Protein chains: 2
Amino acid sequence: MTTDALVLDAAAQDLLFREARTANTFTDEPVTEEQVQAIYDLVKYGPTAFNQQPLRVVLVRSAEGRDRLVQHLADGNKAKTAAAPLVAILAADNEFHEELPTQFPHFPQAKDVFFAERSVREQSARLNGALQAAYFIIGVRAAGLAAGPMTGYDAEGINKEFFGDGEHSVLAVVNIGKPGEDAWFPRSPRLEYDQVVTTV
Amino acid sequence: MTTDALVLDAAAQDLLFREARTANTFTDEPVTEEQVQAIYDLVKYGPTAFNQQPLRVVLVRSAEGRDRLVQHLADGNKAKTAAAPLVAILAADNEFHEELPTQFPHFPQAKDVFFAERSVREQSARLNGALQAAYFIIGVRAAGLAAGPMTGYDAEGINKEFFGDGEHSVLAVVNIGKPGEDAWFPRSPRLEYDQVVTTV
């Protein structure tokens, strides 16, 4: 149902939400560096608390990198990830506060006042990194591509394999490309408005 | 910079990301029930793991509800929240698994196989609820409104005040309306592509 209560045009609604689907198969068409740069240049503007921007992205392009990733995935995610044109590992940088003096210029003390404790940073990075992961998925769709986000993996294994510094926490792994044959299941239902929204 | 590498039209890019800003002041124009329904009807399609949809929304419309909320906010968030046309409390339902048999019909056993443990559900609900919180912010913008998301509050206080069941965890509080006078700070910088994205 498209509605006059939205300003966003119907084609954009379809592209980003109504027709967009999580893809499990892809064509062989490559996803270019230019496309990923355009996605980032759009979604970097999505809001985060204190403009903390904890999201970090590892693009897995080499065959060796793909092998290193696939070994840590749940069995049901291995084949489709091995075959996807591009795979992005989305992670939260738990040391994001180092960038706050430049990234949050109207209160540069935020780094020390609010984020001196690692446990506080981890919780904040996980929440805000997840917001940015969602913006990234929307950005993939904005580029006319399909995303296949997954959380079925050994998170500690991926953290060690790709971020040896102990400072990053994987949030999701996302297959990216043009949807292939039988790319998705039938759309699952969604909760009704009254199951989700209450008013006080 | 708009680019040919995106399919999403330039007006939609501006509406959702490039021109959209976090608002701190609002006009008196009300946010209608129809607008919130249209926002939900769009963003409900955003993907979550196992289609778990943990996001729950409390719309704070009454003066009494506003008072109950504002007391739990950080001082810097109180005045703007008291004055916003609409405030939405976004929370994760840690008992989302009860809905999986209907919401994830191609593997209805997911409820028991993957989500029998509360700690697993909490972690999953927080991540996927944050994805949905980001979709919701995008949806507010799609309705031509400005969002003012905040995480500066006493989370335990809000959880007890609005979700007495111990089963919900607040993720963000979002002021919503048409931007008012001096609605935002100058745009803060964003991290460069090379600071965020690496390739293996």
# chains A, B, ... in the order shown; residues from 1 in each chain; ligands from 1

call {"tool": "select_by_dssp", "arguments": {"residues": "stretch 5-41 of chain B", "states": "helix (DSSP H, G or I)", "output": "number ranges by chain"}}
result
B: 10-18, 33-41

call {"tool": "residues_around", "arguments": {"residues": "A:Val140", "least_positions_apart": "3", "cutoff": "9 Å", "atoms": "only C-alpha atoms", "output": "PyMOL selection string"}}
result
(chain A and resi 16+35-36+39+135-137+143-147+176-177) or (chain B and resi 6)

call {"tool": "write_last_selection", "arguments": {"atoms": "all heavy atoms", "output": "JSON list (two decimals), in the first residue's frame"}}
result
[["chain", "number", "residue", "atom", "x", "y", "z"],
["A", 16, "LEU", "N", 13.66, 0.53, -1.94],
["A", 16, "LEU", "CA", 14.32, 0.40, -0.64],
["A", 16, "LEU", "C", 13.62, -0.57, 0.31],
["A", 16, "LEU", "O", 14.27, -1.19, 1.15],
["A", 16, "LEU", "CB", 14.43, 1.77, 0.04],
["A", 16, "LEU", "CG", 15.18, 2.85, -0.75],
["A", 16, "LEU", "CD1", 15.26, 4.13, 0.07],
["A", 16, "LEU", "CD2", 16.57, 2.39, -1.15],
["A", 35, "GLN", "N", 30.66, 1.54, -7.07],
["A", 35, "GLN", "CA", 29.36, 1.36, -6.43],
["A", 35, "GLN", "C", 29.46, 1.40, -4.91],
["A", 35, "GLN", "O", 28.64, 2.03, -4.24],
["A", 35, "GLN", "CB", 28.73, 0.02, -6.88],
["A", 35, "GLN", "CG", 28.19, 0.05, -8.31],
["A", 35, "GLN", "CD", 27.68, -1.31, -8.77],
["A", 35, "GLN", "OE1", 28.41, -2.30, -8.74],
["A", 35, "GLN", "NE2", 26.42, -1.37, -9.16],
["A", 36, "VAL", "N", 30.47, 0.74, -4.37],
["A", 36, "VAL", "CA", 30.61, 0.73, -2.91],
["A", 36, "VAL", "C", 30.94, 2.13, -2.39],
["A", 36, "VAL", "O", 30.42, 2.56, -1.36],
["A", 36, "VAL", "CB", 31.69, -0.29, -2.46],
["A", 36, "VAL", "CG1", 31.78, -0.32, -0.94],
["A", 36, "VAL", "CG2", 31.38, -1.68, -3.00],
["A", 39, "ILE", "N", 27.72, 4.05, -2.35],
["A", 39, "ILE", "CA", 26.89, 3.62, -1.22],
["A", 39, "ILE", "C", 27.38, 4.30, 0.06],
["A", 39, "ILE", "O", 26.60, 4.90, 0.81],
["A", 39, "ILE", "CB", 26.93, 2.08, -1.07],
["A", 39, "ILE", "CG1", 26.20, 1.41, -2.23],
["A", 39, "ILE", "CG2", 26.34, 1.65, 0.28],
["A", 39, "ILE", "CD1", 26.47, -0.10, -2.36],
["A", 135, "TYR", "N", 21.64, 1.35, 7.70],
["A", 135, "TYR", "CA", 21.82, 2.37, 6.64],
["A", 135, "TYR", "C", 22.57, 1.75, 5.45],
["A", 135, "TYR", "O", 22.25, 2.03, 4.29],
["A", 135, "TYR", "CB", 22.61, 3.58, 7.15],
["A", 135, "TYR", "CG", 22.08, 4.27, 8.38],
["A", 135, "TYR", "CD1", 22.94, 4.85, 9.31],
["A", 135, "TYR", "CD2", 20.70, 4.39, 8.62],
["A", 135, "TYR", "CE1", 22.48, 5.50, 10.44],
["A", 135, "TYR", "CE2", 20.24, 5.04, 9.76],
["A", 135, "TYR", "CZ", 21.13, 5.59, 10.66],
["A", 135, "TYR", "OH", 20.67, 6.22, 11.80],
["A", 136, "PHE", "N", 23.57, 0.92, 5.74],
["A", 136, "PHE", "CA", 24.37, 0.30, 4.67],
["A", 136, "PHE", "C", 23.49, -0.62, 3.81],
["A", 136, "PHE", "O", 23.58, -0.60, 2.58],
["A", 136, "PHE", "CB", 25.53, -0.49, 5.29],
["A", 136, "PHE", "CG", 26.48, -1.08, 4.28],
["A", 136, "PHE", "CD1", 27.53, -0.34, 3.76],
["A", 136, "PHE", "CD2", 26.31, -2.39, 3.84],
["A", 136, "PHE", "CE1", 28.40, -0.89, 2.83],
["A", 136, "PHE", "CE2", 27.17, -2.95, 2.90],
["A", 136, "PHE", "CZ", 28.22, -2.20, 2.40],
["A", 137, "ILE", "N", 22.65, -1.41, 4.45],
["A", 137, "ILE", "CA", 21.73, -2.29, 3.70],
["A", 137, "ILE", "C", 20.82, -1.45, 2.80],
["A", 137, "ILE", "O", 20.60, -1.77, 1.63],
["A", 137, "ILE", "CB", 20.91, -3.16, 4.67],
["A", 137, "ILE", "CG1", 21.82, -4.18, 5.37],
["A", 137, "ILE", "CG2", 19.76, -3.86, 3.94],
["A", 137, "ILE", "CD1", 21.17, -4.87, 6.57],
["A", 143, "ALA", "N", 21.63, 1.41, -4.56],
["A", 143, "ALA", "CA", 22.49, 1.21, -5.72],
["A", 143, "ALA", "C", 21.90, 0.20, -6.70],
["A", 143, "ALA", "O", 22.57, -0.19, -7.67],
["A", 143, "ALA", "CB", 23.88, 0.76, -5.27],
["A", 144, "GLY", "N", 20.68, -0.24, -6.47],
["A", 144, "GLY", "CA", 20.04, -1.19, -7.36],
["A", 144, "GLY", "C", 20.52, -2.62, -7.18],
["A", 144, "GLY", "O", 20.33, -3.47, -8.04],
["A", 145, "LEU", "N", 21.14, -2.86, -6.04],
["A", 145, "LEU", "CA", 21.67, -4.18, -5.74],
["A", 145, "LEU", "C", 20.84, -4.83, -4.63],
["A", 145, "LEU", "O", 20.09, -4.15, -3.92],
["A", 145, "LEU", "CB", 23.13, -4.07, -5.27],
["A", 145, "LEU", "CG", 24.09, -3.47, -6.31],
["A", 145, "LEU", "CD1", 25.41, -3.09, -5.64],
["A", 145, "LEU", "CD2", 24.32, -4.46, -7.45],
["A", 146, "ALA", "N", 21.00, -6.14, -4.49],
["A", 146, "ALA", "CA", 20.34, -6.85, -3.40],
["A", 146, "ALA", "C", 21.37, -7.17, -2.32],
["A", 146, "ALA", "O", 22.53, -7.47, -2.62],
["A", 146, "ALA", "CB", 19.69, -8.13, -3.90],
["A", 147, "ALA", "N", 20.92, -7.11, -1.06],
["A", 147, "ALA", "CA", 21.76, -7.46, 0.08],
["A", 147, "ALA", "C", 21.26, -8.77, 0.66],
["A", 147, "ALA", "O", 20.06, -9.04, 0.67],
["A", 147, "ALA", "CB", 21.71, -6.36, 1.14],
["A", 176, "ILE", "N", 26.37, -9.30, -1.46],
["A", 176, "ILE", "CA", 25.90, -8.18, -2.27],
["A", 176, "ILE", "C", 26.02, -8.53, -3.75],
["A", 176, "ILE", "O", 27.05, -9.05, -4.20],
["A", 176, "ILE", "CB", 26.75, -6.91, -2.00],
["A", 176, "ILE", "CG1", 26.72, -6.55, -0.51],
["A", 176, "ILE", "CG2", 26.26, -5.73, -2.85],
["A", 176, "ILE", "CD1", 27.68, -5.44, -0.11],
["A", 177, "GLY", "N", 24.97, -8.22, -4.51],
["A", 177, "GLY", "CA", 25.02, -8.42, -5.95],
["A", 177, "GLY", "C", 23.65, -8.25, -6.57],
["A", 177, "GLY", "O", 22.69, -7.84, -5.90],
["B", 6, "LEU", "N", 24.30, 5.22, -8.18],
["B", 6, "LEU", "CA", 23.09, 4.91, -7.41],
["B", 6, "LEU", "C", 21.86, 4.94, -8.32],
["B", 6, "LEU", "O", 21.77, 5.76, -9.23],
["B", 6, "LEU", "CB", 22.91, 5.91, -6.27],
["B", 6, "LEU", "CG", 24.00, 5.92, -5.19],
["B", 6, "LEU", "CD1", 23.67, 6.94, -4.12],
["B", 6, "LEU", "CD2", 24.18, 4.54, -4.57]]

call {"tool": "interface_residues", "arguments": {"of": "chain A", "to": "chain B", "cutoff": "6 Å", "atoms": "only C-alpha atoms", "output": "MDAnalysis selection string"}}
result
chainID A and resid 5:8 17 35 45 56:61 65 103 130:131 134 142:144 189 196:200

call {"tool": "residues_around", "arguments": {"residues": "A:Ile158", "least_positions_apart": "5", "cutoff": "8 Å", "atoms": "only C-alpha atoms", "output": "count of residues only"}}
result
5

call {"tool": "atom_distance", "arguments": {"atom1": "atom CA of B:His97", "atom2": "atom CA of A:Ala74"}}
result
20.3 Å

call {"tool": "select_by_dssp", "arguments": {"residues": "stretch 63-93 of chain B", "states": "strand (DSSP E or B)", "output": "number ranges by chain"}}
result
B: 73, 86-93

call {"tool": "atom_distance", "arguments": {"atom1": "atom CA of A:Arg118", "atom2": "atom CA of B:Glu156"}}
result
20.1 Å

call {"tool": "atom_distance", "arguments": {"atom1": "atom CA of A:Ala23", "atom2": "atom CA of A:Ala183"}}
result
5.1 Å

call {"tool": "closest_residue", "arguments": {"among": "B:Asp154, B:Asp67, B:Glu29, B:Glu122", "to": "B:Gly180", "atoms": "only C-alpha atoms"}}
result
B:Glu29

call {"tool": "decode", "arguments": {"residues": "stretch 70-84 of chain B", "atoms": "C-alpha atoms", "output": "compact mmCIF listing (two decimals), in the first residue's frame"}}
result
# COMPACT_ATOMS: atom_id res chain seq x y z
CA VAL B 70 11.11 13.30 30.52
CA GLN B 71 12.06 12.57 34.15
CA HIS B 72 14.28 9.71 32.93
CA LEU B 73 16.13 11.74 30.27
CA ALA B 74 19.55 13.37 30.53
CA ASP B 75 19.17 17.04 31.40
CA GLY B 76 20.24 18.17 27.93
CA ASN B 77 17.41 16.15 26.34
CA LYS B 78 14.55 17.23 28.62
CA ALA B 79 13.39 20.57 27.19
CA LYS B 80 13.44 19.52 23.54
CA THR B 81 11.59 16.30 24.29
CA ALA B 82 8.97 18.09 26.38
CA ALA B 83 8.33 20.41 23.40
CA ALA B 84 8.41 17.94 20.47
